[in-house]
$ cat work32.tsv   # TSV, C-alpha atoms
chain	number	residue	atom	x	y	z
A	1	MET	CA	-95.55	86.50	-167.86
A	2	ASN	CA	-94.54	89.98	-166.81
A	3	ILE	CA	-91.66	90.90	-164.56
A	4	VAL	CA	-92.50	93.77	-162.24
A	5	SER	CA	-90.30	95.69	-159.83
A	6	LYS	CA	-91.49	95.61	-156.22
A	7	LYS	CA	-90.24	97.34	-153.10
A	8	ILE	CA	-88.69	94.83	-150.73
A	9	GLU	CA	-90.74	96.24	-147.87
A	10	ASP	CA	-93.95	95.38	-149.73
A	11	LEU	CA	-93.12	91.67	-150.04
A	12	LYS	CA	-94.56	89.28	-147.47
A	13	PRO	CA	-92.71	86.06	-146.64
A	14	TYR	CA	-94.97	83.02	-146.52
A	15	LYS	CA	-95.54	82.35	-142.82
A	16	ASN	CA	-95.57	78.55	-143.23
A	17	ASN	CA	-92.48	78.36	-145.44
A	18	PRO	CA	-90.97	74.94	-144.68
A	19	ARG	CA	-87.47	75.78	-145.97
A	20	LYS	CA	-84.68	76.93	-143.70
A	21	HIS	CA	-82.43	79.73	-144.89
A	22	PRO	CA	-79.03	79.40	-143.26
A	23	GLU	CA	-76.80	82.46	-143.48
A	24	LYS	CA	-74.40	80.56	-145.77
A	25	SER	CA	-77.12	80.06	-148.41
A	26	VAL	CA	-78.15	83.71	-148.15
A	27	GLU	CA	-74.51	84.72	-148.60
A	28	PHE	CA	-74.12	82.53	-151.71
A	29	VAL	CA	-77.25	83.98	-153.28
A	30	ALA	CA	-76.19	87.53	-152.40
A	31	ASN	CA	-72.80	86.91	-154.03
A	32	SER	CA	-74.52	85.55	-157.12
A	33	ILE	CA	-76.76	88.62	-157.37
A	34	LYS	CA	-73.71	90.90	-156.98
A	35	GLU	CA	-71.75	89.02	-159.64
A	36	PHE	CA	-74.43	88.32	-162.24
A	37	GLY	CA	-77.34	90.60	-161.40
A	38	PHE	CA	-80.81	89.55	-160.33
A	39	LYS	CA	-81.55	86.87	-162.96
A	40	VAL	CA	-84.29	84.84	-161.23
A	41	PRO	CA	-87.29	86.93	-160.14
A	42	ILE	CA	-89.15	86.28	-156.90
A	43	LEU	CA	-92.54	84.67	-157.45
A	44	ILE	CA	-95.38	86.32	-155.56
A	45	ASP	CA	-99.15	86.12	-155.46
A	46	LYS	CA	-101.51	89.06	-156.04
A	47	ASN	CA	-101.14	90.05	-152.37
A	48	ASN	CA	-97.31	90.21	-152.61
A	49	GLU	CA	-96.91	87.02	-150.57
A	50	ILE	CA	-93.85	85.07	-151.65
A	51	ILE	CA	-94.48	81.79	-153.43
A	52	ALA	CA	-90.83	81.11	-154.28
A	53	GLY	CA	-87.76	83.20	-153.56
A	54	HIS	CA	-87.42	83.62	-149.81
A	55	THR	CA	-83.62	83.25	-149.96
A	56	ARG	CA	-83.47	85.79	-152.80
A	57	LEU	CA	-85.43	88.21	-150.61
A	58	LEU	CA	-83.05	87.69	-147.67
A	59	ALA	CA	-80.05	88.12	-149.99
A	60	SER	CA	-81.56	91.32	-151.39
A	61	GLN	CA	-82.04	92.68	-147.89
A	62	LYS	CA	-78.43	91.78	-147.07
A	63	LEU	CA	-77.31	93.72	-150.16
A	64	GLY	CA	-79.42	96.72	-149.22
A	65	LEU	CA	-81.55	96.57	-152.36
A	66	GLU	CA	-84.72	98.63	-152.32
A	67	LYS	CA	-86.54	96.91	-155.19
A	68	VAL	CA	-86.42	93.43	-156.70
A	69	PRO	CA	-87.84	91.83	-159.84
A	70	CYS	CA	-90.96	89.75	-159.25
A	71	ILE	CA	-93.41	87.70	-161.24
A	72	VAL	CA	-97.01	87.86	-160.05
A	73	VAL	CA	-98.43	84.34	-160.25
A	74	ASP	CA	-102.17	84.61	-160.71
A	75	ASP	CA	-102.99	81.49	-162.70
A	76	LEU	CA	-102.75	78.87	-159.95
A	77	THR	CA	-105.29	77.71	-157.38
A	78	PRO	CA	-104.32	77.96	-153.70
A	79	GLU	CA	-103.71	74.20	-153.73
A	80	GLN	CA	-101.43	74.50	-156.76
A	81	VAL	CA	-99.49	77.31	-155.08
A	82	LYS	CA	-98.86	75.09	-152.04
A	83	ALA	CA	-97.76	72.22	-154.27
A	84	PHE	CA	-95.52	74.51	-156.34
A	85	ARG	CA	-93.81	75.89	-153.21
A	86	ILE	CA	-92.77	72.37	-152.27
A	87	ALA	CA	-91.93	71.21	-155.80
A	88	ASP	CA	-89.81	74.30	-156.52
A	89	ASN	CA	-87.57	73.47	-153.58
A	90	LYS	CA	-87.65	69.70	-153.79
A	91	VAL	CA	-87.07	68.76	-157.44
A	92	SER	CA	-83.40	69.80	-157.51
A	93	GLU	CA	-82.70	67.27	-154.76
A	94	PHE	CA	-83.33	64.49	-157.28
A	95	SER	CA	-80.66	65.72	-159.70
A	96	GLU	CA	-77.07	64.59	-159.62
A	97	TRP	CA	-73.88	66.18	-160.91
A	98	GLU	CA	-72.18	64.96	-164.06
A	99	TYR	CA	-68.73	65.37	-162.52
A	100	ASP	CA	-66.76	65.08	-165.77
A	101	PHE	CA	-68.71	67.98	-167.28
A	102	LEU	CA	-68.58	69.94	-164.05
A	103	ARG	CA	-64.80	69.60	-163.99
A	104	ILE	CA	-64.62	70.90	-167.58
A	105	GLU	CA	-66.79	73.88	-166.70
A	106	LEU	CA	-64.70	74.72	-163.67
A	107	GLU	CA	-61.44	74.34	-165.58
A	108	ASP	CA	-62.67	76.65	-168.36
$ encode --input "work32.tsv" --output "structure tokens"
Amino acid sequence: MNIVSKKIEDLKPYKNNPRKHPEKSVEFVANSIKEFGFKVPILIDKNNEIIAGHTRLLASQKLGLEKVPCIVVDDLTPEQVKAFRIADNKVSEFSEWEYDFLRIELED
């Protein structure tokens, strides 16, 4: 898996992306990128269409970035790409917080 740098203007949002991107989420991601750097690349296909990372793209645009790190996903079928788009966004909804540990992290 190689991380490549791509111009923001070359990336193509997926036209049927089912996720909404409220300004608040874009702001949180932009703040994270400012604080910690760009740690999670945008996943794209060979045609530069976004598979996962639409909010990261919007946050990058908000920050005025010219290039972003990307991973070109070329080992999945079109059906797998569709399934991955949904799974990537959905699986975290099934997790819950361990509030005792979260409190410790926030206190530290």
$ closest_residue --input "work32.tsv" --among "A:Val91, A:Leu65, A:Ile42, A:Ala59" --to "Val4 in chain A" --atoms "all atoms listed in the file"
A:Ile42
$ closest_residue --input "work32.tsv" --among "A:Val26, A:Cys70, A:Leu11, A:Ile104" --to "Val40 in chain A" --atoms "all atoms listed in the file"
A:Cys70
$ closest_residue --input "work32.tsv" --among "A:Leu63, A:Val81, A:Glu35, A:Asn89" --to "Lys20 in chain A" --atoms "all atoms listed in the file"
A:Asn89
$ closest_residue --input "work32.tsv" --among "A:Glu96, A:Ile3, A:Ile44, A:Lys34" --to "Asp75 in chain A" --atoms "all atoms listed in the file"
A:Ile44
$ residues_near_point --input "work32.tsv" --point "(-99.8, 89.8, -157.5)" --cutoff "12 Å" --atoms "only C-alpha atoms" --output "ChimeraX atom specification"
/A:1-6,10-12,42-51,70-76
$ build_atoms --input "work32.tsv" --residues "range 43-54 of chain A" --atoms "all heavy atoms" --output "PDB file, in the coordinates of the input"
ATOM      1  N   LEU A  43     -91.149  84.930-157.083  1.00  0.00           N
ATOM      2  CA  LEU A  43     -92.540  84.670-157.450  1.00  0.00           C
ATOM      3  C   LEU A  43     -93.444  85.056-156.290  1.00  0.00           C
ATOM      4  O   LEU A  43     -93.207  84.643-155.149  1.00  0.00           O
ATOM      5  CB  LEU A  43     -92.746  83.192-157.788  1.00  0.00           C
ATOM      6  CG  LEU A  43     -91.867  82.609-158.896  1.00  0.00           C
ATOM      7  CD1 LEU A  43     -92.252  81.153-159.150  1.00  0.00           C
ATOM      8  CD2 LEU A  43     -91.972  83.415-160.168  1.00  0.00           C
ATOM      9  N   ILE A  44     -94.456  85.856-156.586  1.00  0.00           N
ATOM     10  CA  ILE A  44     -95.380  86.320-155.560  1.00  0.00           C
ATOM     11  C   ILE A  44     -96.818  86.134-156.026  1.00  0.00           C
ATOM     12  O   ILE A  44     -97.076  85.986-157.223  1.00  0.00           O
ATOM     13  CB  ILE A  44     -95.142  87.806-155.209  1.00  0.00           C
ATOM     14  CG1 ILE A  44     -95.286  88.687-156.452  1.00  0.00           C
ATOM     15  CG2 ILE A  44     -93.789  87.999-154.553  1.00  0.00           C
ATOM     16  CD1 ILE A  44     -95.222  90.181-156.185  1.00  0.00           C
ATOM     17  N   ASP A  45     -97.749  86.151-155.076  1.00  0.00           N
ATOM     18  CA  ASP A  45     -99.150  86.120-155.460  1.00  0.00           C
ATOM     19  C   ASP A  45     -99.670  87.554-155.575  1.00  0.00           C
ATOM     20  O   ASP A  45     -98.903  88.516-155.406  1.00  0.00           O
ATOM     21  CB  ASP A  45     -99.985  85.262-154.485  1.00  0.00           C
ATOM     22  CG  ASP A  45    -100.092  85.847-153.084  1.00  0.00           C
ATOM     23  OD1 ASP A  45     -99.742  87.036-152.866  1.00  0.00           O
ATOM     24  OD2 ASP A  45    -100.527  85.103-152.185  1.00  0.00           O
ATOM     25  N   LYS A  46    -100.945  87.718-155.833  1.00  0.00           N
ATOM     26  CA  LYS A  46    -101.510  89.060-156.040  1.00  0.00           C
ATOM     27  C   LYS A  46    -101.456  89.929-154.790  1.00  0.00           C
ATOM     28  O   LYS A  46    -101.601  91.145-154.864  1.00  0.00           O
ATOM     29  CB  LYS A  46    -102.949  88.945-156.552  1.00  0.00           C
ATOM     30  CG  LYS A  46    -103.887  88.312-155.559  1.00  0.00           C
ATOM     31  CD  LYS A  46    -105.269  88.144-156.123  1.00  0.00           C
ATOM     32  CE  LYS A  46    -106.142  87.458-155.074  1.00  0.00           C
ATOM     33  NZ  LYS A  46    -107.428  87.100-155.586  1.00  0.00           N
ATOM     34  N   ASN A  47    -101.243  89.305-153.626  1.00  0.00           N
ATOM     35  CA  ASN A  47    -101.140  90.050-152.370  1.00  0.00           C
ATOM     36  C   ASN A  47     -99.691  90.289-151.942  1.00  0.00           C
ATOM     37  O   ASN A  47     -99.439  90.648-150.801  1.00  0.00           O
ATOM     38  CB  ASN A  47    -101.883  89.294-151.259  1.00  0.00           C
ATOM     39  CG  ASN A  47    -103.353  89.134-151.584  1.00  0.00           C
ATOM     40  OD1 ASN A  47    -104.019  90.086-151.969  1.00  0.00           O
ATOM     41  ND2 ASN A  47    -103.852  87.921-151.447  1.00  0.00           N
ATOM     42  N   ASN A  48     -98.757  90.043-152.847  1.00  0.00           N
ATOM     43  CA  ASN A  48     -97.310  90.210-152.610  1.00  0.00           C
ATOM     44  C   ASN A  48     -96.736  89.188-151.644  1.00  0.00           C
ATOM     45  O   ASN A  48     -95.639  89.392-151.112  1.00  0.00           O
ATOM     46  CB  ASN A  48     -96.973  91.627-152.124  1.00  0.00           C
ATOM     47  CG  ASN A  48     -97.163  92.671-153.191  1.00  0.00           C
ATOM     48  OD1 ASN A  48     -97.144  92.380-154.386  1.00  0.00           O
ATOM     49  ND2 ASN A  48     -97.365  93.900-152.783  1.00  0.00           N
ATOM     50  N   GLU A  49     -97.451  88.085-151.414  1.00  0.00           N
ATOM     51  CA  GLU A  49     -96.910  87.020-150.570  1.00  0.00           C
ATOM     52  C   GLU A  49     -96.000  86.143-151.425  1.00  0.00           C
ATOM     53  O   GLU A  49     -96.362  85.760-152.540  1.00  0.00           O
ATOM     54  CB  GLU A  49     -98.025  86.178-149.964  1.00  0.00           C
ATOM     55  CG  GLU A  49     -97.511  85.128-148.995  1.00  0.00           C
ATOM     56  CD  GLU A  49     -98.626  84.415-148.275  1.00  0.00           C
ATOM     57  OE1 GLU A  49     -99.356  83.652-148.946  1.00  0.00           O
ATOM     58  OE2 GLU A  49     -98.770  84.625-147.072  1.00  0.00           O
ATOM     59  N   ILE A  50     -94.831  85.834-150.890  1.00  0.00           N
ATOM     60  CA  ILE A  50     -93.850  85.070-151.650  1.00  0.00           C
ATOM     61  C   ILE A  50     -94.301  83.627-151.844  1.00  0.00           C
ATOM     62  O   ILE A  50     -94.694  82.958-150.893  1.00  0.00           O
ATOM     63  CB  ILE A  50     -92.470  85.116-150.970  1.00  0.00           C
ATOM     64  CG1 ILE A  50     -91.958  86.561-150.963  1.00  0.00           C
ATOM     65  CG2 ILE A  50     -91.476  84.190-151.668  1.00  0.00           C
ATOM     66  CD1 ILE A  50     -90.672  86.756-150.201  1.00  0.00           C
ATOM     67  N   ILE A  51     -94.238  83.190-153.086  1.00  0.00           N
ATOM     68  CA  ILE A  51     -94.480  81.790-153.430  1.00  0.00           C
ATOM     69  C   ILE A  51     -93.144  81.067-153.502  1.00  0.00           C
ATOM     70  O   ILE A  51     -92.974  79.983-152.963  1.00  0.00           O
ATOM     71  CB  ILE A  51     -95.241  81.677-154.771  1.00  0.00           C
ATOM     72  CG1 ILE A  51     -96.635  82.301-154.632  1.00  0.00           C
ATOM     73  CG2 ILE A  51     -95.319  80.221-155.238  1.00  0.00           C
ATOM     74  CD1 ILE A  51     -97.392  82.418-155.948  1.00  0.00           C
ATOM     75  N   ALA A  52     -92.174  81.675-154.161  1.00  0.00           N
ATOM     76  CA  ALA A  52     -90.830  81.110-154.280  1.00  0.00           C
ATOM     77  C   ALA A  52     -89.841  82.272-154.342  1.00  0.00           C
ATOM     78  O   ALA A  52     -90.057  83.228-155.079  1.00  0.00           O
ATOM     79  CB  ALA A  52     -90.710  80.254-155.532  1.00  0.00           C
ATOM     80  N   GLY A  53     -88.779  82.170-153.533  1.00  0.00           N
ATOM     81  CA  GLY A  53     -87.760  83.200-153.560  1.00  0.00           C
ATOM     82  C   GLY A  53     -87.436  83.813-152.207  1.00  0.00           C
ATOM     83  O   GLY A  53     -86.903  84.919-152.140  1.00  0.00           O
ATOM     84  N   HIS A  54     -87.712  83.090-151.134  1.00  0.00           N
ATOM     85  CA  HIS A  54     -87.420  83.620-149.810  1.00  0.00           C
ATOM     86  C   HIS A  54     -85.922  83.911-149.615  1.00  0.00           C
ATOM     87  O   HIS A  54     -85.558  84.928-149.032  1.00  0.00           O
ATOM     88  CB  HIS A  54     -87.916  82.662-148.722  1.00  0.00           C
ATOM     89  CG  HIS A  54     -89.402  82.632-148.609  1.00  0.00           C
ATOM     90  ND1 HIS A  54     -90.179  81.828-149.413  1.00  0.00           N
ATOM     91  CD2 HIS A  54     -90.253  83.305-147.804  1.00  0.00           C
ATOM     92  CE1 HIS A  54     -91.452  82.014-149.096  1.00  0.00           C
ATOM     93  NE2 HIS A  54     -91.528  82.905-148.121  1.00  0.00           N
TER      94      HIS A  54
END
